[in-house]
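**Q** This is the structure, below, for whatever I ask next.
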Amino acid sequence: MIELPEGLSAELVPLSWLVGVWEGTGVVEYPVGEDDEVRTYEFGQRVSFSHDGLPYLNYSSTTWLLDDGHTPLAAEMGYWRLDRPSEPGDRGPALLLGDGPVPFSTTQSVETLRNQANGFDVEAAIIHPTGVNELYVGRVKQGRIDLATDAVMRSANAKEYSAATRMYGLVEGKLFWAWDIAALGRELTSHASGQLAKVD
């Protein structure tokens, strides 16, 4: 049984099983260079999903190599929320308050957002410090999330990266994930996966 965090927006109930701090390990396997050499290495990871009462989750991930110095590897941060049409009562754009009551403020009203597959549509905006911003769209259903990039923005000096998919699943209390990317001139290919346990 999943316990709902205190103060959680009703809209986040379908994503509530993500809330907390997760730690574990993973592996990268991805071909690079003209000879398609597969780079393989293990890493440690700490992921946090938190909320501040608004209808989105704050997300952050840090990774490090499993070497003697725990060399930092990568970081990313962003926001996850249900993917639904905006309503007059929603906040924004920028610092504007909504007009009228806050929409979908009860679990009963959130139930009306279920999709044809009996899950919920979700989106995740993820920012990398290497000049890449991703917008994912997908579905959450019964402890599983499937995401695919709807848009990828890169700065002029970022490495080539054009698309990705991610999958997250809660299995016996552990968070499993897999990440496929299209980068460095390659089609969508398996890139990394991990297994995390909740630590907070």
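Following the order of the structure tokens, first chain is A, next is B, and so on, with residues numbered from 1 inside each chain and ligands from 1 in the order they appear.
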Which parts of range 48-196 of chain A does DSSP call strand (DSSP E) when run on the backbone here, written out as a short mmCIF file (atom, residue, chain, number, x, y, z; two decimals) with N, CA, C and O atoms, in the first residue's frame?

**A**
data_model
loop_
_atom_site.label_atom_id
_atom_site.label_comp_id
_atom_site.auth_asym_id
_atom_site.auth_seq_id
_atom_site.Cartn_x
_atom_site.Cartn_y
_atom_site.Cartn_z
N SER A 48 15.86 12.28 -6.34
CA SER A 48 14.89 12.85 -5.42
C SER A 48 13.66 13.32 -6.18
O SER A 48 13.77 14.00 -7.21
N PHE A 49 12.49 12.92 -5.68
CA PHE A 49 11.21 13.45 -6.12
C PHE A 49 10.56 14.11 -4.90
O PHE A 49 10.31 13.44 -3.90
N SER A 50 10.30 15.41 -4.99
CA SER A 50 9.70 16.12 -3.87
C SER A 50 8.56 16.99 -4.38
O SER A 50 8.36 17.12 -5.60
N LEU A 57 5.88 17.55 -9.42
CA LEU A 57 6.97 17.02 -8.62
C LEU A 57 8.27 17.69 -9.03
O LEU A 57 8.54 17.87 -10.22
N ASN A 58 9.09 18.05 -8.05
CA ASN A 58 10.46 18.49 -8.30
C ASN A 58 11.31 17.24 -8.44
O ASN A 58 11.19 16.30 -7.65
N TYR A 59 12.18 17.22 -9.44
CA TYR A 59 13.01 16.04 -9.72
C TYR A 59 14.48 16.43 -9.79
O TYR A 59 14.82 17.47 -10.37
N SER A 60 15.34 15.61 -9.20
CA SER A 60 16.78 15.80 -9.39
C SER A 60 17.46 14.44 -9.35
O SER A 60 17.01 13.51 -8.68
N SER A 61 18.55 14.34 -10.12
CA SER A 61 19.33 13.11 -10.16
C SER A 61 20.80 13.48 -10.25
O SER A 61 21.18 14.35 -11.03
N THR A 62 21.61 12.83 -9.43
CA THR A 62 23.07 12.96 -9.53
C THR A 62 23.65 11.56 -9.65
O THR A 62 23.15 10.60 -9.03
N THR A 63 24.69 11.44 -10.45
CA THR A 63 25.36 10.15 -10.65
C THR A 63 26.86 10.32 -10.51
O THR A 63 27.40 11.41 -10.70
N TRP A 64 27.52 9.20 -10.18
CA TRP A 64 28.98 9.20 -10.02
C TRP A 64 29.51 7.84 -10.42
O TRP A 64 28.80 6.82 -10.32
N LEU A 65 30.73 7.83 -10.89
CA LEU A 65 31.37 6.57 -11.25
C LEU A 65 31.67 5.77 -9.99
O LEU A 65 31.98 6.33 -8.94
N PRO A 72 32.30 12.44 -10.04
CA PRO A 72 30.98 12.86 -10.53
C PRO A 72 30.81 12.54 -12.01
O PRO A 72 31.73 12.73 -12.81
N LEU A 73 29.61 12.06 -12.38
CA LEU A 73 29.35 11.65 -13.76
C LEU A 73 28.40 12.62 -14.46
O LEU A 73 28.74 13.23 -15.47
N ALA A 74 27.19 12.79 -13.94
CA ALA A 74 26.20 13.64 -14.60
C ALA A 74 25.15 14.06 -13.58
O ALA A 74 25.01 13.45 -12.52
N ALA A 75 24.39 15.08 -13.96
CA ALA A 75 23.29 15.55 -13.12
C ALA A 75 22.17 16.02 -14.04
O ALA A 75 22.40 16.36 -15.20
N GLU A 76 20.96 16.00 -13.51
CA GLU A 76 19.81 16.55 -14.23
C GLU A 76 18.76 16.94 -13.22
O GLU A 76 18.75 16.44 -12.09
N MET A 77 17.89 17.86 -13.61
CA MET A 77 16.80 18.26 -12.74
C MET A 77 15.60 18.66 -13.59
O MET A 77 15.74 18.89 -14.80
N GLY A 78 14.44 18.72 -12.95
CA GLY A 78 13.27 19.08 -13.72
C GLY A 78 11.99 19.00 -12.92
O GLY A 78 12.00 19.01 -11.69
N TYR A 79 10.88 18.88 -13.68
CA TYR A 79 9.54 18.87 -13.09
C TYR A 79 8.69 17.82 -13.80
O TYR A 79 8.76 17.68 -15.01
N TRP A 80 7.89 17.10 -13.02
CA TRP A 80 6.97 16.08 -13.54
C TRP A 80 5.55 16.47 -13.13
O TRP A 80 5.33 16.91 -12.01
N ARG A 81 4.60 16.26 -14.05
CA ARG A 81 3.21 16.57 -13.73
C ARG A 81 2.29 15.79 -14.65
O ARG A 81 2.73 15.19 -15.64
N LEU A 82 0.99 15.80 -14.33
CA LEU A 82 0.01 15.23 -15.24
C LEU A 82 -0.07 16.11 -16.49
O LEU A 82 0.04 17.33 -16.42
N PHE A 120 -2.93 7.58 -16.63
CA PHE A 120 -2.93 9.04 -16.74
C PHE A 120 -1.81 9.48 -17.67
O PHE A 120 -0.73 8.88 -17.67
N ASP A 121 -2.07 10.53 -18.44
CA ASP A 121 -1.03 11.12 -19.26
C ASP A 121 -0.13 11.97 -18.38
O ASP A 121 -0.60 12.67 -17.47
N VAL A 122 1.17 11.92 -18.63
CA VAL A 122 2.14 12.67 -17.84
C VAL A 122 3.11 13.39 -18.76
O VAL A 122 3.27 13.02 -19.94
N GLU A 123 3.77 14.41 -18.20
CA GLU A 123 4.87 15.05 -18.90
C GLU A 123 5.99 15.32 -17.91
O GLU A 123 5.75 15.48 -16.71
N ALA A 124 7.22 15.35 -18.41
CA ALA A 124 8.38 15.63 -17.58
C ALA A 124 9.31 16.55 -18.36
O ALA A 124 9.66 16.25 -19.51
N ALA A 125 9.67 17.67 -17.76
CA ALA A 125 10.66 18.58 -18.33
C ALA A 125 11.96 18.36 -17.58
O ALA A 125 12.01 18.53 -16.36
N ILE A 126 13.00 17.95 -18.31
CA ILE A 126 14.28 17.60 -17.68
C ILE A 126 15.39 18.43 -18.32
O ILE A 126 15.53 18.48 -19.54
N ILE A 127 16.20 19.06 -17.47
CA ILE A 127 17.28 19.95 -17.91
C ILE A 127 18.62 19.34 -17.51
O ILE A 127 18.80 18.90 -16.37
N HIS A 128 19.55 19.35 -18.45
CA HIS A 128 20.91 18.86 -18.21
C HIS A 128 21.88 20.05 -18.23
O HIS A 128 21.71 20.96 -19.05
N VAL A 132 21.41 20.60 -22.78
CA VAL A 132 20.30 19.84 -23.36
C VAL A 132 19.07 19.97 -22.46
O VAL A 132 19.17 19.78 -21.24
N ASN A 133 17.93 20.29 -23.06
CA ASN A 133 16.64 20.33 -22.36
C ASN A 133 15.69 19.38 -23.06
O ASN A 133 15.55 19.42 -24.29
N GLU A 134 15.03 18.51 -22.28
CA GLU A 134 14.12 17.52 -22.85
C GLU A 134 12.70 17.74 -22.32
O GLU A 134 12.52 18.02 -21.14
N LEU A 135 11.72 17.58 -23.20
CA LEU A 135 10.32 17.53 -22.79
C LEU A 135 9.80 16.15 -23.15
O LEU A 135 9.76 15.78 -24.32
N TYR A 136 9.44 15.38 -22.12
CA TYR A 136 8.90 14.03 -22.31
C TYR A 136 7.40 14.04 -22.13
O TYR A 136 6.86 14.79 -21.29
N VAL A 137 6.70 13.20 -22.88
CA VAL A 137 5.29 12.93 -22.65
C VAL A 137 5.12 11.42 -22.57
O VAL A 137 5.91 10.66 -23.16
N GLY A 138 4.11 10.98 -21.85
CA GLY A 138 3.91 9.54 -21.73
C GLY A 138 2.73 9.20 -20.84
O GLY A 138 1.78 9.98 -20.73
N ARG A 139 2.82 8.05 -20.20
CA ARG A 139 1.72 7.50 -19.42
C ARG A 139 2.23 6.93 -18.09
O ARG A 139 3.33 6.39 -18.02
N VAL A 140 1.39 7.05 -17.07
CA VAL A 140 1.62 6.36 -15.80
C VAL A 140 0.42 5.46 -15.55
O VAL A 140 -0.73 5.86 -15.74
N LYS A 141 0.72 4.23 -15.15
CA LYS A 141 -0.34 3.29 -14.83
C LYS A 141 0.20 2.24 -13.87
O LYS A 141 1.18 1.56 -14.18
N ARG A 144 4.02 2.11 -13.10
CA ARG A 144 4.91 2.10 -14.26
C ARG A 144 4.70 3.39 -15.05
O ARG A 144 3.56 3.82 -15.26
N ILE A 145 5.82 3.98 -15.49
CA ILE A 145 5.79 5.19 -16.30
C ILE A 145 6.58 4.94 -17.57
O ILE A 145 7.72 4.45 -17.51
N ASP A 146 5.98 5.25 -18.71
CA ASP A 146 6.66 5.18 -20.00
C ASP A 146 6.67 6.58 -20.60
O ASP A 146 5.61 7.20 -20.75
N LEU A 147 7.86 7.07 -20.95
CA LEU A 147 8.03 8.42 -21.47
C LEU A 147 8.79 8.40 -22.79
O LEU A 147 9.67 7.55 -22.99
N ALA A 148 8.49 9.35 -23.67
CA ALA A 148 9.25 9.55 -24.90
C ALA A 148 9.38 11.05 -25.13
O ALA A 148 8.45 11.82 -24.82
N THR A 149 10.50 11.48 -25.67
CA THR A 149 10.68 12.91 -25.89
C THR A 149 9.71 13.42 -26.95
O THR A 149 9.53 12.82 -27.99
N ASP A 150 9.10 14.54 -26.62
CA ASP A 150 8.26 15.27 -27.56
C ASP A 150 9.08 16.39 -28.20
O ASP A 150 8.82 16.81 -29.32
N ALA A 151 10.09 16.87 -27.45
CA ALA A 151 10.98 17.91 -27.95
C ALA A 151 12.32 17.83 -27.23
O ALA A 151 12.37 17.48 -26.05
N VAL A 152 13.39 18.14 -27.95
CA VAL A 152 14.73 18.23 -27.38
C VAL A 152 15.33 19.54 -27.87
O VAL A 152 15.35 19.81 -29.08
N MET A 153 15.79 20.37 -26.94
CA MET A 153 16.50 21.60 -27.30
C MET A 153 17.96 21.47 -26.89
O MET A 153 18.24 20.95 -25.81
N ARG A 154 18.85 21.93 -27.77
CA ARG A 154 20.28 21.88 -27.47
C ARG A 154 20.88 23.26 -27.68
O ARG A 154 20.53 23.96 -28.62
N TYR A 161 22.26 15.16 -29.73
CA TYR A 161 21.32 14.36 -28.93
C TYR A 161 19.94 14.72 -29.44
O TYR A 161 19.56 15.89 -29.39
N SER A 162 19.19 13.75 -29.97
CA SER A 162 17.96 14.12 -30.67
C SER A 162 16.68 13.51 -30.12
O SER A 162 15.59 14.04 -30.39
N ALA A 163 16.75 12.43 -29.37
CA ALA A 163 15.52 11.80 -28.86
C ALA A 163 15.87 10.83 -27.74
O ALA A 163 17.02 10.41 -27.60
N ALA A 164 14.84 10.48 -26.96
CA ALA A 164 15.06 9.52 -25.87
C ALA A 164 13.73 8.93 -25.42
O ALA A 164 12.67 9.50 -25.65
N THR A 165 13.81 7.78 -24.80
CA THR A 165 12.68 7.19 -24.08
C THR A 165 13.17 6.80 -22.70
O THR A 165 14.36 6.50 -22.50
N ARG A 166 12.27 6.83 -21.75
CA ARG A 166 12.59 6.39 -20.38
C ARG A 166 11.43 5.55 -19.86
O ARG A 166 10.27 5.82 -20.17
N MET A 167 11.77 4.57 -19.05
CA MET A 167 10.77 3.75 -18.39
C MET A 167 11.15 3.68 -16.91
O MET A 167 12.32 3.50 -16.56
N TYR A 168 10.14 3.84 -16.04
CA TYR A 168 10.31 3.71 -14.60
C TYR A 168 9.28 2.73 -14.09
O TYR A 168 8.12 2.77 -14.51
N GLY A 169 9.69 1.85 -13.18
CA GLY A 169 8.75 0.90 -12.63
C GLY A 169 9.03 0.61 -11.17
O GLY A 169 10.20 0.51 -10.77
N LEU A 170 7.98 0.50 -10.38
CA LEU A 170 8.11 0.15 -8.97
C LEU A 170 7.84 -1.35 -8.83
O LEU A 170 6.74 -1.82 -9.12
N VAL A 171 8.89 -2.09 -8.41
CA VAL A 171 8.79 -3.54 -8.27
C VAL A 171 9.28 -3.92 -6.88
O VAL A 171 10.45 -3.71 -6.55
N LYS A 174 11.24 -1.32 -5.00
CA LYS A 174 12.43 -0.75 -5.63
C LYS A 174 12.05 -0.06 -6.93
O LYS A 174 11.11 -0.47 -7.61
N LEU A 175 12.79 1.00 -7.23
CA LEU A 175 12.55 1.77 -8.44
C LEU A 175 13.54 1.33 -9.52
O LEU A 175 14.75 1.51 -9.37
N PHE A 176 13.02 0.72 -10.57
CA PHE A 176 13.83 0.30 -11.71
C PHE A 176 13.61 1.30 -12.84
O PHE A 176 12.50 1.80 -13.02
N TRP A 177 14.66 1.57 -13.61
CA TRP A 177 14.50 2.48 -14.74
C TRP A 177 15.41 2.07 -15.88
O TRP A 177 16.42 1.40 -15.68
N ALA A 178 15.02 2.47 -17.10
CA ALA A 178 15.82 2.23 -18.30
C ALA A 178 15.70 3.46 -19.19
O ALA A 178 14.64 4.08 -19.27
N TRP A 179 16.80 3.79 -19.89
CA TRP A 179 16.89 5.01 -20.67
C TRP A 179 17.52 4.68 -22.02
O TRP A 179 18.66 4.21 -22.07
N ASP A 180 16.78 4.90 -23.10
CA ASP A 180 17.31 4.75 -24.46
C ASP A 180 17.50 6.15 -25.04
O ASP A 180 16.69 7.04 -24.79
N ILE A 181 18.59 6.34 -25.82
CA ILE A 181 18.84 7.65 -26.41
C ILE A 181 19.21 7.52 -27.88
O ILE A 181 19.71 6.49 -28.33
N ALA A 182 18.93 8.59 -28.63
CA ALA A 182 19.42 8.76 -29.99
C ALA A 182 20.42 9.90 -29.93
O ALA A 182 20.03 11.06 -29.73
N ALA A 183 21.71 9.57 -30.05
CA ALA A 183 22.75 10.58 -29.87
C ALA A 183 23.98 10.21 -30.69
O ALA A 183 24.15 9.05 -31.10
N THR A 189 18.82 3.84 -29.13
CA THR A 189 19.57 2.66 -28.71
C THR A 189 19.60 2.62 -27.18
O THR A 189 19.67 3.66 -26.53
N SER A 190 19.60 1.42 -26.63
CA SER A 190 19.70 1.26 -25.18
C SER A 190 20.95 1.98 -24.67
O SER A 190 22.03 1.87 -25.24
N HIS A 191 20.79 2.73 -23.58
CA HIS A 191 21.87 3.56 -23.07
C HIS A 191 22.25 3.23 -21.62
O HIS A 191 23.40 2.99 -21.31
N ALA A 192 21.26 3.23 -20.74
CA ALA A 192 21.57 3.03 -19.32
C ALA A 192 20.34 2.48 -18.60
O ALA A 192 19.20 2.62 -19.07
N SER A 193 20.59 1.87 -17.45
CA SER A 193 19.51 1.37 -16.60
C SER A 193 20.01 1.36 -15.16
O SER A 193 21.20 1.40 -14.89
N GLY A 194 19.06 1.32 -14.23
CA GLY A 194 19.43 1.33 -12.83
C GLY A 194 18.38 0.71 -11.94
O GLY A 194 17.25 0.44 -12.37
N GLN A 195 18.78 0.48 -10.70
CA GLN A 195 17.89 -0.06 -9.67
C GLN A 195 18.15 0.72 -8.39
O GLN A 195 19.28 0.77 -7.91
N LEU A 196 17.09 1.32 -7.84
CA LEU A 196 17.23 2.20 -6.70
C LEU A 196 16.31 1.76 -5.56
O LEU A 196 15.23 1.23 -5.80
#

**Q** Could you tell me, as a PyMOL selection string, which residues of chain A DSSP assigns to helix (DSSP H, G or I) when given the backbone?

**A** chain A and resi 10-18+107-111

**Q** For CA of Ala94 in chain A and CA of Asp52 in chain A, quote the distance in Å rounded to one decimal.

**A**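 We find that CA of Ala94 in chain A and CA of Asp52 in chain A lie 17.2 Å from each other.
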
**Q** My list of candidates is A:Arg186, A:Gly24, A:Pro55, A:Gln45. Which is closest to Val110 in chain A when distances are computed with only C-alpha atoms?

**A**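 Checking each of A:Arg186, A:Gly24, A:Pro55, A:Gln45 against Val110 in chain A, counting only C-alpha atoms, the winner is A:Pro55.
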
**Q** For each of A:Pro129, A:Gly185, A:Pro5, A:Pro31, take the minimum atom-to-atom distance to Val19 in chain A, counting only C-alpha atoms, then give the residue where this is smallest.

**A**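 Result for the nearest residue to Val19 in chain A: A:Pro5.
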
**Q** Could you check how far CA of Tyr56 in chain A sits from CA of Glu111 in chain A, in Å to one decimal?

**A**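 Between these atoms lies a distance of 16.7 Å.
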
**Q** Name all residues at most 9 Å from Leu66 in chain A (count only C-alpha atoms; drop same-chain ones fewer than 3 positions away) and give them as an MDAnalysis selection string.

**A** chainID A and resid 25 41:44 69:71

**Q** Closest to Pro103 in chain A among A:Asp67, A:Glu11, A:Asp200, A:Glu6, using only C-alpha atoms?

**A** A:Glu11

**Q** When you count only C-alpha atoms, which of these residues is closest to Pro14 in chain A: A:Asp83, A:Glu172, A:Glu160, A:Glu187?

**A**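 Closest to Pro14 in chain A of all the choices is A:Asp83.
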
**Q** To one decimal place, how far is CA of Leu18 in chain A from CA of Asn115 in chain A in Å?

**A**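 Separation of CA of Leu18 in chain A and CA of Asn115 in chain A: 20.1 Å.
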
**Q** Would you list the contacts of Gly98 in chain A as a PyMOL selection string, taking every protein, DNA or RNA residue within 10 Å and counting only C-alpha atoms, but skipping same-chain residues closer than 4 positions in sequence?

**A** chain A and resi 87-93+102-103

**Q** For the residues in the current selection, export N, CA, C and O atoms as a PDB file, in the first residue's frame.

**A**
ATOM      1  N   GLU A  87      -6.325  25.141 -17.352  1.00  0.00           N
ATOM      2  CA  GLU A  87      -7.618  25.663 -16.935  1.00  0.00           C
ATOM      3  C   GLU A  87      -7.428  27.099 -16.430  1.00  0.00           C
ATOM      4  O   GLU A  87      -6.322  27.471 -16.009  1.00  0.00           O
ATOM      5  N   PRO A  88      -8.478  27.922 -16.433  1.00  0.00           N
ATOM      6  CA  PRO A  88      -8.338  29.307 -15.947  1.00  0.00           C
ATOM      7  C   PRO A  88      -7.779  29.379 -14.522  1.00  0.00           C
ATOM      8  O   PRO A  88      -7.046  30.312 -14.187  1.00  0.00           O
ATOM      9  N   GLY A  89      -8.091  28.407 -13.667  1.00  0.00           N
ATOM     10  CA  GLY A  89      -7.623  28.428 -12.289  1.00  0.00           C
ATOM     11  C   GLY A  89      -6.172  28.014 -12.103  1.00  0.00           C
ATOM     12  O   GLY A  89      -5.633  28.138 -11.002  1.00  0.00           O
ATOM     13  N   ASP A  90      -5.509  27.532 -13.158  1.00  0.00           N
ATOM     14  CA  ASP A  90      -4.090  27.181 -13.065  1.00  0.00           C
ATOM     15  C   ASP A  90      -3.235  28.436 -12.952  1.00  0.00           C
ATOM     16  O   ASP A  90      -3.558  29.479 -13.529  1.00  0.00           O
ATOM     17  N   ARG A  91      -2.116  28.325 -12.254  1.00  0.00           N
ATOM     18  CA  ARG A  91      -1.180  29.441 -12.164  1.00  0.00           C
ATOM     19  C   ARG A  91      -0.413  29.589 -13.471  1.00  0.00           C
ATOM     20  O   ARG A  91      -0.273  28.649 -14.238  1.00  0.00           O
ATOM     21  N   GLY A  92       0.120  30.812 -13.673  1.00  0.00           N
ATOM     22  CA  GLY A  92       0.953  31.074 -14.830  1.00  0.00           C
ATOM     23  C   GLY A  92       0.171  31.728 -15.947  1.00  0.00           C
ATOM     24  O   GLY A  92      -1.047  31.892 -15.856  1.00  0.00           O
ATOM     25  N   PRO A  93       0.873  32.161 -17.004  1.00  0.00           N
ATOM     26  CA  PRO A  93       2.321  32.005 -17.155  1.00  0.00           C
ATOM     27  C   PRO A  93       3.091  32.907 -16.193  1.00  0.00           C
ATOM     28  O   PRO A  93       2.533  33.827 -15.612  1.00  0.00           O
ATOM     29  N   VAL A 102      -8.916  26.472  -7.959  1.00  0.00           N
ATOM     30  CA  VAL A 102      -7.859  25.576  -8.416  1.00  0.00           C
ATOM     31  C   VAL A 102      -8.508  24.330  -9.011  1.00  0.00           C
ATOM     32  O   VAL A 102      -9.351  23.694  -8.363  1.00  0.00           O
ATOM     33  N   PRO A 103      -8.172  23.976 -10.244  1.00  0.00           N
ATOM     34  CA  PRO A 103      -8.814  22.800 -10.853  1.00  0.00           C
ATOM     35  C   PRO A 103      -8.251  21.492 -10.293  1.00  0.00           C
ATOM     36  O   PRO A 103      -7.134  21.454  -9.787  1.00  0.00           O
TER      37      PRO A 103
END
